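S.K.: Mind looking over this structure? Questions follow.
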Amino acid sequence: MEELQVNMRYGIVQGEHLHGTRVWKGIPYAKPPVGELRFQAPVQPESWDGIREARKFGPENIQPRNHQAEGMAGEPPVESEDSLYLNIWAPEKESSDPLPVMVWIHGGSFTSGAGSQPLYDGTQLVLRGNVIVVTMNYRLGPLGFMHMAPLGDGFATNVGLLDQVAALQWVKDNIGAFGGDPGNVTVFGESAGSMSIAALMAMPAAKGLFHRAIMQSGASQFMPAEQAAEIRSAMLKVLGVEPHDLHKLKTIPAEQIIAAGEAVKKHSGAAMALLFQPVLDGVTLPKSPLEAVREGAAQGIPVLIGTTLHEGSLFIQPHVPYSEEINMVKAVDFMTPDLENRAAIADSYPKTADGQAQVMTDLFFWRSALQYAAAQQKYAPVWMYRFDWVMPEHPLLKKSIHSIDIFFAFNTLPVLKFMNAEPDAAAAELAGKVQDAWLSFAKHGRPETDGVNWPAYKEDRATLIFNHDIELVHDPEASKRELLGV
């Protein structure tokens, strides 16, 4: 059992053997952000005496709940404002050489999710690749992404991102004790997790804490400080907090703050808008992630980036009626304010629910990934992929929806049973190829998978298509890309 006891900077933790790996769960990487520490930047955890059991996941950050997420998580999760914990998977046998480290940042629109969810289980990555896998929780929604710094002492902005920085600092300081190499850390994430990585690459506080980045379905995403201030004002109004009694924000029940966020979102009428997201505050996030990488903020950090073919079909499913409320022209205006041909772009999509889903896929996800890749490839190698796999007989998975690639990157395909889907042996084989590419990138800075020549993304826009068969395509959908101005 001694190999399961690890003596790190803050004390000794006791893990367990699970499915051929060693696992430590629920390790605190910061003090609980409660009471006076609410809305503050994370503070280093306190040390402990004796041996701390690390066999149980920490609580998920308190969040709005929906039935789909609960189904994915199995039993209803324990949730709390005290949620700044991380989890580690390592090979069963200790290695004589430090191992590459892969740190996962979960998605969930900056309002939901947790590093402990079953689809993020690190077992298969460790077994296949002989690496260390770390997953984390961070503060979500108004607790993590409200623009609070202008309120004065005791308040900070982008604390959800600062939590991620603190977790990465913890990895740098402690992962060596678990057999990991602090000089070879790859961050990988999907959706809001990938958007977080884009922000981390632009944040001075995160510099030097990771060396490679895998960005799945998310790139530069931020909210201007002025707009974030309006949301904060609306939140304070719902909570009944006046400027002279801001101290109440430290004692109001967290559930009430989450409920206020939902009320503000409902009142705004912007069902799909991200009211809580990285804020361009000029301090923690000095420039938009895209602008920052264009100027070389992430120099020397190789990037593997891509999207799924039908991202938007998770949010706007093809069988639902066309919604007049989702105005195509307004959507295009919102997502491409920098383009003059927005009306032509809107007209190029069918006036159907599927057309609306395509707008979201192309403008919100694909275009932003192309922009980010073009910006970063001047400063480090970039590889581009697209994930096209589908189950034609399945009502939802007949499209390659947003988030489906996660199950392949982690090879947690059995978790798809919550969607009444049972992928076949060919899907498992594809998961192995995706994992090999991700693992090769984490180890050597270049994604390689058996029998595939995958050149870096340059002027010819080489893009690897992951499907039932894998193929390399140069500049896929070039005419659409040109229309979108990238």
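So you can find residues: chains in the structure tokens are A, B, ... in the order shown, residues in each start at 1, and ligands are numbered from 1 in order.
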Run DSSP on the backbone and tell me which residues of segment 208-266 of chain A come out as helix (DSSP H, G or I); list them as a ChimeraX atom specification.
M.R.: /A:225-239,243-250,254-266
S.K.: May I have the residues within 9 Å of Asp436 of chain A as a list in words, using only C-alpha atoms and disregarding those fewer than 5 positions away in the same chain?
M.R.: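 So, after excluding close chain neighbours, the residues are Leu125, Arg128, Gly129, Ala409, Ala431, Phe441, Pro447, Glu448, Thr449 and Asp450 of chain A.
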S.K.: Would you mind listing what lies within 12 Å of Gly240 of chain A as a list in words, with only C-alpha atoms counted and same-chain residues fewer than 5 positions away left out?
M.R.: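 Returned residues: Ser233, Ala234, Met235, Asp245, Leu246, Lys248, Leu249, Ile252, Gln256, Ile257 and Ala260 of chain A.
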S.K.: Go ahead and write the selection's residues with C-alpha atoms as a PDB file, in the first residue's frame.
M.R.:
```pdb
ATOM      1  CA  SER A 233     -25.671  45.086 -11.635  1.00  0.00           C
ATOM      2  CA  ALA A 234     -28.622  42.907 -12.631  1.00  0.00           C
ATOM      3  CA  MET A 235     -27.422  40.183 -10.264  1.00  0.00           C
ATOM      4  CA  ASP A 245     -23.979  46.599   1.958  1.00  0.00           C
ATOM      5  CA  LEU A 246     -21.717  44.595  -0.347  1.00  0.00           C
ATOM      6  CA  LYS A 248     -23.846  40.638   2.302  1.00  0.00           C
ATOM      7  CA  LEU A 249     -22.395  38.983  -0.802  1.00  0.00           C
ATOM      8  CA  ILE A 252     -25.891  35.044   1.086  1.00  0.00           C
ATOM      9  CA  GLN A 256     -29.463  31.965  -3.829  1.00  0.00           C
ATOM     10  CA  ILE A 257     -26.630  33.339  -5.990  1.00  0.00           C
ATOM     11  CA  ALA A 260     -30.208  34.785  -9.207  1.00  0.00           C
TER      12      ALA A 260
END
```
S.K.: Report the residues of segment 362-440 of chain A whose backbone DSSP state falls under strand (DSSP E), written as a short mmCIF file (atom, residue, chain, number, x, y, z; two decimals) with N, CA and C atoms, in the first residue's frame.
M.R.:
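Produced file part.cif, reproduced below:
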```
data_model
loop_
_atom_site.label_atom_id
_atom_site.label_comp_id
_atom_site.auth_asym_id
_atom_site.auth_seq_id
_atom_site.Cartn_x
_atom_site.Cartn_y
_atom_site.Cartn_z
N VAL A 382 0.85 23.98 -35.17
CA VAL A 382 -0.58 23.78 -34.91
C VAL A 382 -1.05 22.62 -35.78
N TRP A 383 -1.89 21.77 -35.22
CA TRP A 383 -2.54 20.71 -35.99
C TRP A 383 -4.05 20.87 -35.87
N MET A 384 -4.73 20.63 -36.98
CA MET A 384 -6.19 20.81 -37.05
C MET A 384 -6.87 19.46 -37.32
N TYR A 385 -7.99 19.22 -36.63
CA TYR A 385 -8.78 18.02 -36.90
C TYR A 385 -10.25 18.40 -37.02
N ARG A 386 -11.02 17.47 -37.54
CA ARG A 386 -12.48 17.56 -37.49
C ARG A 386 -13.01 16.17 -37.17
N PHE A 387 -13.98 16.11 -36.27
CA PHE A 387 -14.52 14.82 -35.82
C PHE A 387 -15.90 14.63 -36.45
#
```
S.K.: Give me the residues within 12 Å of Ala54 of chain A as a PyMOL selection string, counting only C-alpha atoms and dropping any in the same chain fewer than 6 places off.
M.R.: chain A and resi 4-6+11-17+22-28+85-89
S.K.: Using only N, CA and C atoms, please write the residues we just selected to a file, as a compact mmCIF listing (two decimals), in the first residue's frame.
M.R.:
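Saved to part.txt:
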```
# COMPACT_ATOMS: atom_id res chain seq x y z
N LEU A 4 0.73 3.78 -2.73
CA LEU A 4 -0.48 4.59 -2.81
C LEU A 4 -0.42 5.78 -1.86
N GLN A 5 0.57 5.80 -0.98
CA GLN A 5 0.76 6.94 -0.08
C GLN A 5 1.79 7.88 -0.69
N VAL A 6 1.38 9.10 -0.94
CA VAL A 6 2.25 10.08 -1.58
C VAL A 6 2.45 11.26 -0.64
N GLY A 11 1.09 17.54 2.57
CA GLY A 11 0.87 16.41 3.45
C GLY A 11 0.82 15.11 2.67
N ILE A 12 0.46 14.04 3.34
CA ILE A 12 0.41 12.70 2.73
C ILE A 12 -1.02 12.39 2.31
N VAL A 13 -1.18 11.85 1.09
CA VAL A 13 -2.50 11.39 0.62
C VAL A 13 -2.44 9.90 0.35
N GLN A 14 -3.55 9.25 0.61
CA GLN A 14 -3.68 7.81 0.40
C GLN A 14 -4.66 7.56 -0.73
N GLY A 15 -4.17 6.95 -1.83
CA GLY A 15 -5.03 6.63 -2.96
C GLY A 15 -5.49 5.19 -2.94
N GLU A 16 -5.88 4.69 -4.12
CA GLU A 16 -6.34 3.31 -4.23
C GLU A 16 -6.01 2.76 -5.61
N HIS A 17 -5.98 1.43 -5.72
CA HIS A 17 -5.84 0.76 -7.00
C HIS A 17 -7.22 0.63 -7.63
N ARG A 22 -3.40 3.59 -10.45
CA ARG A 22 -3.46 4.18 -9.12
C ARG A 22 -4.21 5.50 -9.22
N VAL A 23 -5.14 5.73 -8.30
CA VAL A 23 -6.01 6.90 -8.39
C VAL A 23 -6.06 7.61 -7.03
N TRP A 24 -5.94 8.93 -7.10
CA TRP A 24 -6.14 9.78 -5.91
C TRP A 24 -7.26 10.78 -6.24
N LYS A 25 -8.26 10.84 -5.41
CA LYS A 25 -9.43 11.68 -5.69
C LYS A 25 -9.57 12.75 -4.60
N GLY A 26 -10.15 13.87 -5.01
CA GLY A 26 -10.55 14.88 -4.04
C GLY A 26 -9.41 15.52 -3.28
N ILE A 27 -8.29 15.80 -3.98
CA ILE A 27 -7.17 16.48 -3.32
C ILE A 27 -7.40 18.00 -3.42
N PRO A 28 -7.37 18.71 -2.30
CA PRO A 28 -7.61 20.16 -2.37
C PRO A 28 -6.41 20.89 -2.98
N TYR A 85 -11.12 20.94 -5.83
CA TYR A 85 -10.40 19.69 -5.67
C TYR A 85 -9.99 19.16 -7.03
N LEU A 86 -8.95 18.34 -7.05
CA LEU A 86 -8.52 17.70 -8.29
C LEU A 86 -8.31 16.21 -8.06
N ASN A 87 -8.18 15.48 -9.18
CA ASN A 87 -8.07 14.02 -9.15
C ASN A 87 -6.91 13.59 -10.04
N ILE A 88 -6.24 12.51 -9.68
CA ILE A 88 -5.05 12.07 -10.40
C ILE A 88 -5.15 10.58 -10.70
N TRP A 89 -4.87 10.22 -11.95
CA TRP A 89 -4.73 8.83 -12.37
C TRP A 89 -3.26 8.61 -12.77
```
S.K.: Find the residues around segment 344-349 of chain A up to 8 Å (only C-alpha atoms counted), leave out those fewer than 3 positions away in its own chain, and share them as an MDAnalysis selection string.
M.R.: chainID A and resid 328:329 332 341 355:356 358:359 483:484
S.K.: Identify which of the residues A:Asp333, A:Gln317, A:Ala374, A:Gly183 lies closest to Thr352 of chain A, counting only C-alpha atoms when measuring atom-to-atom distances.
M.R.: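 Checking each candidate against Thr352 of chain A, we get A:Gln317 as the closest.
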S.K.: Determine the nearest neighbour of Gly152 of chain A from the options A:Phe334, A:Phe39, A:Phe466, A:Phe410, counting only C-alpha atoms.
M.R.: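 Ranked by minimum distance to Gly152 of chain A, first place goes to A:Phe39.
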S.K.: Taking only C-alpha atoms into account, name the residue in A:Arg294, A:Arg212, A:Lys458, A:His319 that is nearest to Ser440 of chain A.
M.R.: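 Counting only C-alpha atoms, the residue closest to Ser440 of chain A is A:Arg212.
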S.K.: For Ala442 of chain A, find every residue with an atom within 10 Å (counting only C-alpha atoms), except residues of its own chain fewer than 4 positions away, and show them as a PDB file with N, CA and C atoms, in the first residue's frame.
M.R.:
```pdb
ATOM      1  N   PRO A 100       4.844  12.179 -18.733  1.00  0.00           N
ATOM      2  CA  PRO A 100       4.075  13.334 -19.224  1.00  0.00           C
ATOM      3  C   PRO A 100       2.762  13.472 -18.458  1.00  0.00           C
ATOM      4  N   VAL A 101       2.326  14.711 -18.294  1.00  0.00           N
ATOM      5  CA  VAL A 101       1.117  15.002 -17.518  1.00  0.00           C
ATOM      6  C   VAL A 101       0.073  15.626 -18.444  1.00  0.00           C
ATOM      7  N   MET A 102      -1.158  15.112 -18.366  1.00  0.00           N
ATOM      8  CA  MET A 102      -2.275  15.663 -19.135  1.00  0.00           C
ATOM      9  C   MET A 102      -3.318  16.187 -18.152  1.00  0.00           C
ATOM     10  N   GLY A 129      -1.364   4.944 -22.619  1.00  0.00           N
ATOM     11  CA  GLY A 129      -0.274   5.870 -22.907  1.00  0.00           C
ATOM     12  C   GLY A 129       0.808   6.019 -21.871  1.00  0.00           C
ATOM     13  N   VAL A 131       0.857   7.716 -19.000  1.00  0.00           N
ATOM     14  CA  VAL A 131       0.927   9.136 -18.646  1.00  0.00           C
ATOM     15  C   VAL A 131       0.235   9.343 -17.306  1.00  0.00           C
ATOM     16  N   ASN A 184       6.615  18.849 -18.465  1.00  0.00           N
ATOM     17  CA  ASN A 184       5.916  18.348 -19.648  1.00  0.00           C
ATOM     18  C   ASN A 184       4.434  18.204 -19.334  1.00  0.00           C
ATOM     19  N   VAL A 185       3.747  19.336 -19.326  1.00  0.00           N
ATOM     20  CA  VAL A 185       2.322  19.384 -18.975  1.00  0.00           C
ATOM     21  C   VAL A 185       1.521  19.823 -20.194  1.00  0.00           C
ATOM     22  N   THR A 186       0.544  19.011 -20.558  1.00  0.00           N
ATOM     23  CA  THR A 186      -0.384  19.351 -21.639  1.00  0.00           C
ATOM     24  C   THR A 186      -1.754  19.630 -21.041  1.00  0.00           C
ATOM     25  N   VAL A 187      -2.313  20.796 -21.319  1.00  0.00           N
ATOM     26  CA  VAL A 187      -3.705  21.055 -20.939  1.00  0.00           C
ATOM     27  C   VAL A 187      -4.593  20.612 -22.099  1.00  0.00           C
ATOM     28  N   PHE A 188      -5.705  19.972 -21.775  1.00  0.00           N
ATOM     29  CA  PHE A 188      -6.680  19.646 -22.803  1.00  0.00           C
ATOM     30  C   PHE A 188      -8.071  19.854 -22.239  1.00  0.00           C
ATOM     31  N   HIS A 211       2.760  23.406 -21.319  1.00  0.00           N
ATOM     32  CA  HIS A 211       3.704  23.424 -22.435  1.00  0.00           C
ATOM     33  C   HIS A 211       3.064  23.073 -23.773  1.00  0.00           C
ATOM     34  N   ARG A 212       1.875  22.465 -23.747  1.00  0.00           N
ATOM     35  CA  ARG A 212       1.133  22.127 -24.965  1.00  0.00           C
ATOM     36  C   ARG A 212      -0.350  22.268 -24.662  1.00  0.00           C
ATOM     37  N   ALA A 213      -1.150  22.395 -25.723  1.00  0.00           N
ATOM     38  CA  ALA A 213      -2.595  22.591 -25.519  1.00  0.00           C
ATOM     39  C   ALA A 213      -3.389  21.830 -26.576  1.00  0.00           C
ATOM     40  N   ILE A 214      -4.388  21.075 -26.115  1.00  0.00           N
ATOM     41  CA  ILE A 214      -5.355  20.407 -26.996  1.00  0.00           C
ATOM     42  C   ILE A 214      -6.700  21.073 -26.774  1.00  0.00           C
ATOM     43  N   PRO A 302       2.807  24.424 -28.748  1.00  0.00           N
ATOM     44  CA  PRO A 302       2.105  23.733 -29.830  1.00  0.00           C
ATOM     45  C   PRO A 302       0.638  23.515 -29.474  1.00  0.00           C
ATOM     46  N   LEU A 304      -3.095  21.551 -30.680  1.00  0.00           N
ATOM     47  CA  LEU A 304      -3.926  20.622 -31.444  1.00  0.00           C
ATOM     48  C   LEU A 304      -5.355  21.096 -31.257  1.00  0.00           C
ATOM     49  N   ASP A 436      -4.319   7.714 -29.335  1.00  0.00           N
ATOM     50  CA  ASP A 436      -2.918   7.657 -29.731  1.00  0.00           C
ATOM     51  C   ASP A 436      -2.421   9.033 -30.190  1.00  0.00           C
ATOM     52  N   ALA A 437      -3.275   9.740 -30.940  1.00  0.00           N
ATOM     53  CA  ALA A 437      -2.892  11.079 -31.414  1.00  0.00           C
ATOM     54  C   ALA A 437      -2.736  12.045 -30.240  1.00  0.00           C
ATOM     55  N   TRP A 438      -3.688  12.021 -29.323  1.00  0.00           N
ATOM     56  CA  TRP A 438      -3.642  12.912 -28.160  1.00  0.00           C
ATOM     57  C   TRP A 438      -2.413  12.581 -27.295  1.00  0.00           C
ATOM     58  N   ARG A 446       3.677  16.263 -31.042  1.00  0.00           N
ATOM     59  CA  ARG A 446       3.230  16.020 -32.411  1.00  0.00           C
ATOM     60  C   ARG A 446       2.200  14.899 -32.382  1.00  0.00           C
ATOM     61  N   PRO A 447       0.981  15.116 -32.934  1.00  0.00           N
ATOM     62  CA  PRO A 447      -0.036  14.057 -32.906  1.00  0.00           C
ATOM     63  C   PRO A 447       0.221  13.013 -33.991  1.00  0.00           C
TER      64      PRO A 447
END
```
S.K.: Which neighbours of Lys250 of chain A fall inside 12 Å, counting only C-alpha atoms, when residues of the same chain fewer than 5 positions from it are skipped, and could you give them as a list in words?
M.R.: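 Surrounding residues, per the criterion: Pro33, Val34, Gly35, Glu36, Leu37, Arg38, Phe39, Gln40, Glu81, Leu143, Gly154, Phe155, Val241, Asp245, Gln256 and Ile257 of chain A.
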S.K.: Restricted to N, CA and C atoms, what would the selected residues look like written as a compact mmCIF listing (two decimals), in the first residue's frame?
M.R.:
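Output file part.txt follows:
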```txt
# COMPACT_ATOMS: atom_id res chain seq x y z
N PRO A 33 -13.36 28.21 -1.11
CA PRO A 33 -13.64 29.63 -1.42
C PRO A 33 -14.98 30.07 -0.85
N VAL A 34 -15.10 29.98 0.45
CA VAL A 34 -16.37 30.28 1.12
C VAL A 34 -16.17 31.43 2.10
N GLY A 35 -17.30 32.01 2.56
CA GLY A 35 -17.23 33.11 3.51
C GLY A 35 -16.46 34.28 2.92
N GLU A 36 -15.46 34.75 3.65
CA GLU A 36 -14.68 35.90 3.19
C GLU A 36 -13.90 35.60 1.91
N LEU A 37 -13.67 34.33 1.61
CA LEU A 37 -12.91 33.97 0.40
C LEU A 37 -13.80 33.86 -0.84
N ARG A 38 -15.11 33.99 -0.68
CA ARG A 38 -16.00 33.99 -1.84
C ARG A 38 -15.69 35.20 -2.73
N PHE A 39 -15.69 34.98 -4.04
CA PHE A 39 -15.40 36.01 -5.05
C PHE A 39 -13.97 36.53 -4.96
N GLN A 40 -13.09 35.81 -4.23
CA GLN A 40 -11.69 36.18 -4.18
C GLN A 40 -10.86 35.21 -5.02
N GLU A 81 -20.25 24.80 -2.54
CA GLU A 81 -19.39 25.93 -2.89
C GLU A 81 -17.93 25.57 -2.62
N LEU A 143 -20.52 32.46 -9.36
CA LEU A 143 -19.48 32.30 -8.34
C LEU A 143 -18.08 32.34 -8.96
N GLY A 154 -11.44 42.71 -1.57
CA GLY A 154 -12.13 41.46 -1.25
C GLY A 154 -12.88 40.86 -2.42
N PHE A 155 -12.83 41.48 -3.58
CA PHE A 155 -13.53 40.95 -4.75
C PHE A 155 -12.55 40.87 -5.93
N VAL A 241 -28.94 43.49 -3.07
CA VAL A 241 -27.72 44.01 -2.43
C VAL A 241 -27.44 45.41 -2.96
N ASP A 245 -23.97 47.81 1.15
CA ASP A 245 -23.98 46.60 1.96
C ASP A 245 -23.42 45.40 1.18
N GLN A 256 -28.74 30.74 -3.47
CA GLN A 256 -29.46 31.97 -3.83
C GLN A 256 -28.73 32.70 -4.96
N ILE A 257 -27.41 32.68 -4.94
CA ILE A 257 -26.63 33.34 -5.99
C ILE A 257 -26.80 32.61 -7.31
```
S.K.: I'd like to know which of A:His468, A:Arg65, A:His310, A:His444 is closest to Leu397 of chain A, using only C-alpha atoms.
M.R.: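 So, comparing all the options, the nearest one is A:His310.
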S.K.: Would you please work out which residue, of A:Val78, A:Phe364, A:Thr307, A:Ala199, is nearest to Val293 of chain A when using only C-alpha atoms?
M.R.: A:Ala199
